[in-house]
Amino acid sequence: MASKTNSKSVLAREDDGTIQLTLTIPAQLVQAKKEEALKSLAGKLEIPGFRKGKVPADIAEKRIGKDDLYNETLQKLLPETYAAAVEEHKLRPVLAPRFEIVSIDEENDWTIRAVTCEMPQVEVGDYKKYVGGTKIWTPTQGKTENKEASREDKEQKVLESIIANAKATISKALIEEEINHKLSLLLDQTQKLGLTVEQYLASTGKTIESLRADLAQQAQEAIKLELALNQIANEEKISVSDEEVTQVIKTSDKDQQNVSDSQRAMVAGVLKRRKALDKLLKPNLMP
């Protein structure tokens, strides 16, 4: 199907909700963006005998690597082309796309694949029943004692129950994004400790494959939990006011002028899920 950019896009959905958009970009548009890219890169060149930004295109092209030119061209092509395809297919992606080059032959149409996903659907069932029960049993000197659970114990039990009972099919693209985020945090932590990743793996007895498998499981559970708490918050008609969001931002010592709408939305989401969890911990909600 043609888009506003005269590019064509083909949509494919996988069973797990992963979306693939195959973009075919006409050679004429590629050439126009390539000329823009060449002009942009040429403006950064410093060549004896020419003022900066005044290097002729034919001379600049000889100095600019093909990979650099193609990368700059793609940066100018893809945002508009991808956005047009998303609008055309009425998609609501929750991930920045991962682009894969299928074909970028000279003087021909370019074919690029964009991989993303939409928000997974989740079923939370009768959560008021399965999160019930605030007593825990602890062995004491050979006998069992019925003991009131601490808030932390109750919270952990509720979270485990939500994860165990919620049903959701989560895209591998979303899981991979979460794995990469966790790996990035782990890398920062090991560097602060003066360790390499190899040293960390050796100290924990893990391989990179087993570490990724563990992180994939954690990612699956974390995403499912977030989706489920969002759904429960919606079913319980829980809301978060602008004032509540502002108060959290104030207590974090952040300059409100520099807080974007997306950051405010993220804070609101965290508060909404926190409220949902707090409500699940109230005795009058338990069966």
# chains A, B, ... in the order shown; residues from 1 in each chain; ligands from 1
call {"tool": "residues_around", "arguments": {"residues": "stretch 58-62 of chain A", "least_positions_apart": "6", "cutoff": "8 Å", "atoms": "only C-alpha atoms", "output": "PyMOL selection string"}}
result
chain A and resi 38+42+45
call {"tool": "write_last_selection", "arguments": {"atoms": "all heavy atoms", "output": "PDB file, in the first residue's frame"}}
result
ATOM      1  N   LEU A  38      24.287  14.139   1.530  1.00  0.00           N
ATOM      2  CA  LEU A  38      25.606  14.533   1.028  1.00  0.00           C
ATOM      3  C   LEU A  38      25.889  15.993   1.361  1.00  0.00           C
ATOM      4  O   LEU A  38      26.992  16.348   1.807  1.00  0.00           O
ATOM      5  CB  LEU A  38      25.674  14.318  -0.479  1.00  0.00           C
ATOM      6  CG  LEU A  38      26.986  14.698  -1.167  1.00  0.00           C
ATOM      7  CD1 LEU A  38      28.153  13.887  -0.586  1.00  0.00           C
ATOM      8  CD2 LEU A  38      26.884  14.467  -2.680  1.00  0.00           C
ATOM      9  N   ALA A  42      28.837  17.164   3.722  1.00  0.00           N
ATOM     10  CA  ALA A  42      29.835  18.039   3.090  1.00  0.00           C
ATOM     11  C   ALA A  42      30.034  19.310   3.908  1.00  0.00           C
ATOM     12  O   ALA A  42      31.146  19.859   3.977  1.00  0.00           O
ATOM     13  CB  ALA A  42      29.413  18.384   1.668  1.00  0.00           C
ATOM     14  N   LEU A  45      32.827  18.975   6.348  1.00  0.00           N
ATOM     15  CA  LEU A  45      34.182  18.683   5.874  1.00  0.00           C
ATOM     16  C   LEU A  45      35.072  19.920   5.933  1.00  0.00           C
ATOM     17  O   LEU A  45      34.618  21.040   5.709  1.00  0.00           O
ATOM     18  CB  LEU A  45      34.145  18.174   4.433  1.00  0.00           C
ATOM     19  CG  LEU A  45      33.622  16.753   4.190  1.00  0.00           C
ATOM     20  CD1 LEU A  45      33.615  16.457   2.691  1.00  0.00           C
ATOM     21  CD2 LEU A  45      34.468  15.723   4.923  1.00  0.00           C
TER      22      LEU A  45
END
call {"tool": "closest_residue", "arguments": {"among": "A:Asp109, A:Glu100, A:Asp278, A:Glu235", "to": "A:Glu155", "atoms": "only C-alpha atoms"}}
result
A:Asp278
call {"tool": "select_by_dssp", "arguments": {"residues": "stretch 133-277 of chain A", "states": "helix (DSSP H, G or I)", "output": "PyMOL selection string"}}
result
chain A and resi 151-165+172-192+197-204+208-235+242-251+256-258+261-277
call {"tool": "write_last_selection", "arguments": {"atoms": "C-alpha atoms", "output": "tab-separated table (two decimals), in the first residue's frame"}}
result
chain	number	residue	atom	x	y	z
A	151	ARG	CA	3.35	-5.37	54.68
A	152	GLU	CA	6.38	-6.48	52.68
A	153	ASP	CA	5.28	-10.13	52.87
A	154	LYS	CA	1.72	-9.25	51.90
A	155	GLU	CA	2.93	-7.13	49.00
A	156	GLN	CA	5.22	-9.87	47.73
A	157	LYS	CA	2.41	-12.42	47.94
A	158	VAL	CA	0.03	-10.16	46.03
A	159	LEU	CA	2.60	-9.49	43.30
A	160	GLU	CA	3.37	-13.20	42.94
A	161	SER	CA	-0.35	-13.97	42.70
A	162	ILE	CA	-0.86	-11.33	40.02
A	163	ILE	CA	2.02	-12.69	37.94
A	164	ALA	CA	0.86	-16.30	38.35
A	165	ASN	CA	-2.76	-15.59	37.38
A	172	LYS	CA	9.69	-10.96	21.87
A	173	ALA	CA	10.58	-7.45	20.70
A	174	LEU	CA	9.28	-6.03	23.98
A	175	ILE	CA	11.10	-8.69	26.01
A	176	GLU	CA	14.33	-8.05	24.11
A	177	GLU	CA	14.03	-4.32	24.83
A	178	GLU	CA	13.67	-5.06	28.56
A	179	ILE	CA	16.60	-7.51	28.50
A	180	ASN	CA	18.83	-4.90	26.88
A	181	HIS	CA	17.75	-2.34	29.50
A	182	LYS	CA	18.60	-4.75	32.32
A	183	LEU	CA	21.95	-5.62	30.70
A	184	SER	CA	22.77	-1.92	30.45
A	185	LEU	CA	22.04	-1.44	34.16
A	186	LEU	CA	24.13	-4.52	35.00
A	187	LEU	CA	27.03	-3.20	32.93
A	188	ASP	CA	26.90	0.11	34.80
A	189	GLN	CA	26.87	-1.70	38.15
A	190	THR	CA	29.81	-3.97	37.31
A	191	GLN	CA	31.84	-1.03	36.03
A	192	LYS	CA	31.23	0.84	39.30
A	197	VAL	CA	31.21	-8.58	32.55
A	198	GLU	CA	33.39	-11.68	32.22
A	199	GLN	CA	34.51	-11.37	35.84
A	200	TYR	CA	30.92	-10.91	36.98
A	201	LEU	CA	29.78	-13.99	35.05
A	202	ALA	CA	32.65	-16.03	36.50
A	203	SER	CA	31.76	-14.92	40.04
A	204	THR	CA	28.12	-15.95	39.62
A	208	ILE	CA	26.05	-15.01	28.91
A	209	GLU	CA	23.40	-17.41	27.57
A	210	SER	CA	22.13	-18.39	31.03
A	211	LEU	CA	22.22	-14.74	32.13
A	212	ARG	CA	20.10	-13.71	29.15
A	213	ALA	CA	17.69	-16.58	29.90
A	214	ASP	CA	17.33	-15.37	33.51
A	215	LEU	CA	16.83	-11.79	32.35
A	216	ALA	CA	14.24	-12.93	29.79
A	217	GLN	CA	12.23	-14.59	32.57
A	218	GLN	CA	12.52	-11.49	34.75
A	219	ALA	CA	11.50	-9.30	31.81
A	220	GLN	CA	8.47	-11.47	31.06
A	221	GLU	CA	7.28	-11.25	34.66
A	222	ALA	CA	8.01	-7.52	35.00
A	223	ILE	CA	6.09	-6.65	31.83
A	224	LYS	CA	3.17	-8.91	32.76
A	225	LEU	CA	3.02	-7.35	36.23
A	226	GLU	CA	3.02	-3.80	34.85
A	227	LEU	CA	0.28	-4.65	32.35
A	228	ALA	CA	-1.82	-6.37	35.01
A	229	LEU	CA	-1.53	-3.53	37.52
A	230	ASN	CA	-2.47	-1.05	34.78
A	231	GLN	CA	-5.54	-3.17	33.95
A	232	ILE	CA	-6.53	-3.51	37.61
A	233	ALA	CA	-6.13	0.26	38.06
A	234	ASN	CA	-8.46	0.80	35.09
A	235	GLU	CA	-11.04	-1.67	36.41
A	242	ASP	CA	-1.67	16.50	37.83
A	243	GLU	CA	-1.04	17.78	41.35
A	244	GLU	CA	0.09	14.33	42.49
A	245	VAL	CA	2.49	14.05	39.58
A	246	THR	CA	3.84	17.55	40.26
A	247	GLN	CA	4.40	16.71	43.92
A	248	VAL	CA	6.46	13.63	43.05
A	249	ILE	CA	8.55	15.66	40.61
A	250	LYS	CA	9.12	18.31	43.30
A	251	THR	CA	10.33	15.74	45.82
A	256	GLN	CA	9.78	21.09	36.49
A	257	GLN	CA	10.57	23.25	33.48
A	258	ASN	CA	12.75	20.46	32.08
A	261	ASP	CA	5.17	15.28	28.88
A	262	SER	CA	6.43	11.72	28.42
A	263	GLN	CA	8.26	11.89	31.76
A	264	ARG	CA	5.13	13.16	33.48
A	265	ALA	CA	3.15	10.34	31.88
A	266	MET	CA	5.71	7.83	33.17
A	267	VAL	CA	5.43	9.23	36.72
A	268	ALA	CA	1.63	9.11	36.46
A	269	GLY	CA	1.81	5.47	35.39
A	270	VAL	CA	4.01	4.53	38.34
A	271	LEU	CA	1.66	6.30	40.76
A	272	LYS	CA	-1.37	4.62	39.23
A	273	ARG	CA	0.14	1.15	39.61
A	274	ARG	CA	1.22	1.98	43.17
A	275	LYS	CA	-2.35	3.01	44.02
A	276	ALA	CA	-3.68	-0.21	42.49
A	277	LEU	CA	-1.31	-2.29	44.61
